[in-house]
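Undergrad: File name data.tsv; file contents TSV, C-alpha atoms; full text below.
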```tsv
chain	number	residue	atom	x	y	z
J	1	MET	CA	-28.68	-55.46	9.55
J	2	SER	CA	-25.72	-55.91	11.75
J	3	GLY	CA	-22.33	-55.13	10.19
J	4	SER	CA	-23.79	-52.93	7.49
J	5	PHE	CA	-24.72	-49.27	7.42
J	6	SER	CA	-28.27	-48.19	6.98
J	7	SER	CA	-29.01	-45.73	4.19
J	8	ILE	CA	-29.55	-43.04	6.85
J	9	GLU	CA	-26.10	-43.70	8.37
J	10	MET	CA	-24.48	-43.68	4.92
J	11	GLU	CA	-26.18	-40.41	4.03
J	12	SER	CA	-25.10	-38.91	7.35
J	13	ASN	CA	-21.48	-40.04	6.81
J	14	MET	CA	-21.53	-38.63	3.26
J	15	LYS	CA	-22.80	-35.26	4.51
J	16	LEU	CA	-20.11	-35.22	7.19
J	17	THR	CA	-17.43	-36.05	4.60
J	18	ILE	CA	-18.68	-33.29	2.26
J	19	ALA	CA	-18.77	-30.82	5.15
J	20	MET	CA	-15.18	-31.70	6.10
J	21	ILE	CA	-14.00	-31.29	2.48
J	22	LEU	CA	-15.70	-27.91	2.27
J	23	LEU	CA	-14.20	-26.82	5.59
J	24	VAL	CA	-10.69	-27.83	4.51
J	25	SER	CA	-11.17	-26.13	1.11
J	26	CYS	CA	-12.29	-22.92	2.80
J	27	ALA	CA	-9.36	-23.01	5.20
J	28	LEU	CA	-6.93	-23.47	2.29
J	29	ALA	CA	-8.56	-20.60	0.37
J	30	VAL	CA	-8.31	-18.30	3.39
J	31	ALA	CA	-4.65	-19.23	3.89
J	32	GLN	CA	-3.92	-18.57	0.21
J	33	ASP	CA	-5.75	-15.22	0.35
J	34	GLU	CA	-3.71	-14.20	3.42
J	35	GLN	CA	-0.47	-15.26	1.72
J	36	ASN	CA	-1.43	-13.20	-1.35
J	37	ALA	CA	-2.33	-10.20	0.86
J	38	ALA	CA	1.03	-10.47	2.64
J	39	TYR	CA	2.83	-10.45	-0.73
J	40	ILE	CA	0.81	-7.40	-1.85
J	41	ARG	CA	1.55	-5.54	1.41
J	42	THR	CA	5.28	-6.24	1.02
J	43	LYS	CA	5.22	-5.10	-2.61
J	44	VAL	CA	3.39	-1.84	-1.93
J	45	LEU	CA	5.52	-0.98	1.12
J	46	ALA	CA	8.60	-1.45	-1.09
J	47	LEU	CA	7.02	0.97	-3.58
J	48	GLU	CA	6.58	3.49	-0.75
J	49	ASN	CA	10.32	3.30	-0.05
J	50	ALA	CA	11.11	3.57	-3.78
J	51	TRP	CA	9.00	6.75	-3.86
J	52	ASN	CA	11.10	8.25	-1.05
J	53	LEU	CA	14.37	7.45	-2.82
J	54	ALA	CA	13.09	8.81	-6.14
J	55	GLU	CA	11.96	12.02	-4.46
J	56	GLU	CA	15.29	12.39	-2.61
J	57	HIS	CA	17.16	12.07	-5.92
J	58	LYS	CA	14.62	14.16	-7.85
J	59	ASP	CA	14.09	11.18	-10.14
J	60	VAL	CA	10.92	12.37	-11.84
J	61	LYS	CA	10.97	9.47	-14.30
J	62	ALA	CA	10.84	6.93	-11.45
J	63	LEU	CA	8.10	8.92	-9.70
J	64	ASP	CA	6.13	9.08	-12.93
J	65	GLY	CA	6.06	5.27	-12.96
J	66	LEU	CA	4.84	5.07	-9.36
J	67	LEU	CA	2.04	7.62	-9.57
J	68	ALA	CA	-1.28	7.27	-11.36
J	69	SER	CA	-2.09	9.90	-13.97
J	70	SER	CA	-5.13	10.78	-11.83
J	71	LEU	CA	-3.02	11.35	-8.67
J	72	VAL	CA	-4.51	13.65	-6.03
J	73	TYR	CA	-1.73	14.86	-3.72
J	74	ILE	CA	-2.38	16.89	-0.58
J	75	ASP	CA	0.86	18.20	0.92
J	76	TYR	CA	1.55	18.81	4.61
J	77	ASP	CA	0.57	22.49	4.26
J	78	GLY	CA	-2.76	21.72	2.59
J	79	THR	CA	-1.57	22.37	-0.97
J	80	LEU	CA	-3.61	20.32	-3.45
J	81	MET	CA	-1.70	19.07	-6.51
J	82	ASN	CA	-2.31	16.80	-9.44
J	83	LYS	CA	0.44	14.54	-10.80
J	84	ALA	CA	1.99	17.14	-13.10
J	85	GLN	CA	2.05	19.74	-10.34
J	86	PHE	CA	3.59	17.30	-7.86
J	87	LEU	CA	6.32	16.27	-10.33
J	88	THR	CA	7.04	19.96	-11.01
J	89	SER	CA	7.36	20.58	-7.25
J	90	VAL	CA	9.91	17.77	-6.99
J	91	ARG	CA	12.00	19.41	-9.74
J	92	THR	CA	12.08	22.79	-7.94
J	93	PRO	CA	15.74	23.94	-8.17
J	94	SER	CA	15.70	25.54	-4.70
J	95	LEU	CA	14.57	22.26	-3.08
J	96	HIS	CA	17.31	19.91	-1.90
J	97	PRO	CA	15.91	16.92	0.01
J	98	GLU	CA	18.57	14.98	1.90
J	99	GLN	CA	16.53	12.20	3.44
J	100	ILE	CA	12.94	10.99	3.39
J	101	VAL	CA	12.23	8.02	5.64
J	102	ASN	CA	9.00	6.24	6.55
J	103	GLU	CA	8.33	4.37	9.76
J	104	SER	CA	5.40	2.62	11.41
J	105	MET	CA	3.87	1.81	8.03
J	106	THR	CA	0.84	-0.42	7.77
J	107	ALA	CA	-0.79	-1.58	4.58
J	108	SER	CA	-4.39	-2.77	4.38
J	109	VAL	CA	-5.36	-4.74	1.28
J	110	TYR	CA	-8.84	-4.43	-0.22
J	111	GLY	CA	-8.68	-6.46	-3.42
J	112	ASP	CA	-6.95	-4.27	-6.00
J	113	THR	CA	-6.61	-1.37	-3.56
J	114	VAL	CA	-4.11	-0.89	-0.74
J	115	VAL	CA	-4.25	1.87	1.86
J	116	VAL	CA	-0.89	2.66	3.48
J	117	THR	CA	-0.53	4.76	6.62
J	118	GLY	CA	2.64	5.71	8.40
J	119	VAL	CA	4.93	8.40	9.73
J	120	TYR	CA	7.55	10.15	7.61
J	121	HIS	CA	10.67	12.17	8.41
J	122	ASP	CA	11.84	14.59	5.75
J	123	LYS	CA	14.95	16.75	5.98
J	124	GLY	CA	16.85	18.90	3.56
J	125	ALA	CA	17.14	22.52	2.48
J	126	GLN	CA	14.85	24.82	0.56
J	127	SER	CA	16.04	28.20	-0.70
J	128	GLY	CA	19.14	27.76	1.45
J	129	LYS	CA	17.16	27.19	4.64
J	130	ALA	CA	17.33	23.81	6.42
J	131	TYR	CA	14.07	22.04	7.19
J	132	PHE	CA	13.03	18.99	9.16
J	133	ARG	CA	9.46	17.76	8.98
J	134	ARG	CA	7.70	14.86	10.62
J	135	GLY	CA	4.21	13.89	9.61
J	136	ARG	CA	1.61	11.20	9.17
J	137	PHE	CA	0.60	10.11	5.72
J	138	THR	CA	-2.06	8.10	3.97
J	139	ASP	CA	-1.42	6.78	0.47
J	140	THR	CA	-3.92	4.85	-1.61
J	141	TRP	CA	-2.55	2.46	-4.22
J	142	VAL	CA	-4.58	0.75	-6.94
J	143	ARG	CA	-3.58	-2.13	-9.19
J	144	GLN	CA	-4.11	-1.00	-12.79
J	145	ASN	CA	-3.22	-3.30	-15.68
J	146	GLY	CA	-1.24	-5.51	-13.28
J	147	GLU	CA	0.85	-2.61	-11.90
J	148	TRP	CA	0.48	-0.73	-8.62
J	149	ALA	CA	0.14	3.07	-8.79
J	150	CYS	CA	-0.56	5.62	-6.09
J	151	VAL	CA	-3.84	7.44	-6.80
J	152	ALA	CA	-4.07	9.57	-3.65
J	153	SER	CA	-1.60	10.85	-1.07
J	154	GLN	CA	-2.15	13.07	1.95
J	155	SER	CA	0.21	14.15	4.72
J	156	THR	CA	-0.23	16.04	7.96
J	157	LEU	CA	2.56	17.52	10.07
J	158	ILE	CA	2.93	16.28	13.63
J	159	SER	CA	5.24	17.47	16.39
J	160	HIS	CA	8.82	16.24	16.43
```
In structure tokens, write the structure found in this file.
TA:
Amino acid sequence: MSGSFSSIEMESNMKLTIAMILLVSCALAVAQDEQNAAYIRTKVLALENAWNLAEEHKDVKALDGLLASSLVYIDYDGTLMNKAQFLTSVRTPSLHPEQIVNESMTASVYGDTVVVTGVYHDKGAQSGKAYFRRGRFTDTWVRQNGEWACVASQSTLISH
């Protein structure tokens, strides 16, 4: 049988070839999943920044598009609000936000859910009195009908 493969050698080579194909396929799938997760993280972090700008400009229409109808919002002082209450708080005439900035944001993707954590700086005036707040936040975003919406937001003040 010299010069030819035995059926055992051919079967072994076939199994090795199949294993290599599966390994390469899995590696490609993992790479594609990571690329998709990176895109989702970038998208949701951009939405976080859009939220800040909308809140600074009291753009309730833009905020309405970013927030799920079922939003649960826990403010830095422990106030619990639903979406309507949060949007009303943004419209408060005595509130004049000047700047809301996030830093140190991370986004973790879990399928159609993204959890964002970070630090925010918020300054402005309320009832004529200047304020500056710094806090940590956690926002949970869910993809609904192909669009990302924040379903839960919580912030906690930290020292300056």
Undergrad: Give me the residues near range 96-99 of chain J as a list in words, where near means some atom within 10 Å (using only C-alpha atoms) and where sequence neighbours in that chain fewer than 2 positions away do not count.
TA: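 Counting only the stated atoms, we get Asn52, Leu53, Glu55, Glu56, His57, Lys58, Val90, Arg91, Thr92, Pro93, Ser94, Val101, His121, Asp122, Lys123, Gly124, Ala125, Gln126, Ser127, Gly128, Lys129, Ala130, Tyr131 and Phe132 of chain J.
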Undergrad: Write the residues of the preceding selection, restricted to C-alpha atoms, as a PDB file, in the frame of the given file.
TA:
```pdb
ATOM      1  CA  ASN J  52      11.100   8.250  -1.050  1.00  0.00           C
ATOM      2  CA  LEU J  53      14.370   7.450  -2.820  1.00  0.00           C
ATOM      3  CA  GLU J  55      11.960  12.020  -4.460  1.00  0.00           C
ATOM      4  CA  GLU J  56      15.290  12.390  -2.610  1.00  0.00           C
ATOM      5  CA  HIS J  57      17.160  12.070  -5.920  1.00  0.00           C
ATOM      6  CA  LYS J  58      14.620  14.160  -7.850  1.00  0.00           C
ATOM      7  CA  VAL J  90       9.910  17.770  -6.990  1.00  0.00           C
ATOM      8  CA  ARG J  91      12.000  19.410  -9.740  1.00  0.00           C
ATOM      9  CA  THR J  92      12.080  22.790  -7.940  1.00  0.00           C
ATOM     10  CA  PRO J  93      15.740  23.940  -8.170  1.00  0.00           C
ATOM     11  CA  SER J  94      15.700  25.540  -4.700  1.00  0.00           C
ATOM     12  CA  VAL J 101      12.230   8.020   5.640  1.00  0.00           C
ATOM     13  CA  HIS J 121      10.670  12.170   8.410  1.00  0.00           C
ATOM     14  CA  ASP J 122      11.840  14.590   5.750  1.00  0.00           C
ATOM     15  CA  LYS J 123      14.950  16.750   5.980  1.00  0.00           C
ATOM     16  CA  GLY J 124      16.850  18.900   3.560  1.00  0.00           C
ATOM     17  CA  ALA J 125      17.140  22.520   2.480  1.00  0.00           C
ATOM     18  CA  GLN J 126      14.850  24.820   0.560  1.00  0.00           C
ATOM     19  CA  SER J 127      16.040  28.200  -0.700  1.00  0.00           C
ATOM     20  CA  GLY J 128      19.140  27.760   1.450  1.00  0.00           C
ATOM     21  CA  LYS J 129      17.160  27.190   4.640  1.00  0.00           C
ATOM     22  CA  ALA J 130      17.330  23.810   6.420  1.00  0.00           C
ATOM     23  CA  TYR J 131      14.070  22.040   7.190  1.00  0.00           C
ATOM     24  CA  PHE J 132      13.030  18.990   9.160  1.00  0.00           C
TER      25      PHE J 132
END
```
Undergrad: Of the residues J:Asp112, J:Asp75, J:Glu11, J:Glu103, which is the one nearest to Ser155 in chain J, using all atoms listed in the file?
TA: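 So, comparing all the options, the nearest one is J:Asp75.
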Undergrad: Go through J:Met105, J:Val114, J:Leu157, J:Val119 and flag the residue nearest Thr140 in chain J, using all atoms listed in the file for the distances.
TA: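 Comparing J:Met105, J:Val114, J:Leu157, J:Val119 against Thr140 in chain J, the winner is J:Val114.
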Undergrad: Measuring atom to atom with only C-alpha atoms, identify which of J:Ala149, J:Asp139, J:Thr156, J:Leu45 is nearest to Ala62 in chain J.
TA: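 When distances to Ala62 in chain J are compared using only C-alpha atoms, the smallest one comes from J:Ala149.
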Undergrad: Excluding Ser159 in chain J and any residue of its chain fewer than 4 positions from it, enumerate the residues within 9 Å of it, using all atoms listed in the file, and give them as a PDB file with C-alpha atoms, keeping the file's coordinate frame.
TA:
```pdb
ATOM      1  CA  ARG J 133       9.460  17.760   8.980  1.00  0.00           C
ATOM      2  CA  ARG J 134       7.700  14.860  10.620  1.00  0.00           C
ATOM      3  CA  GLY J 135       4.210  13.890   9.610  1.00  0.00           C
TER       4      GLY J 135
END
```
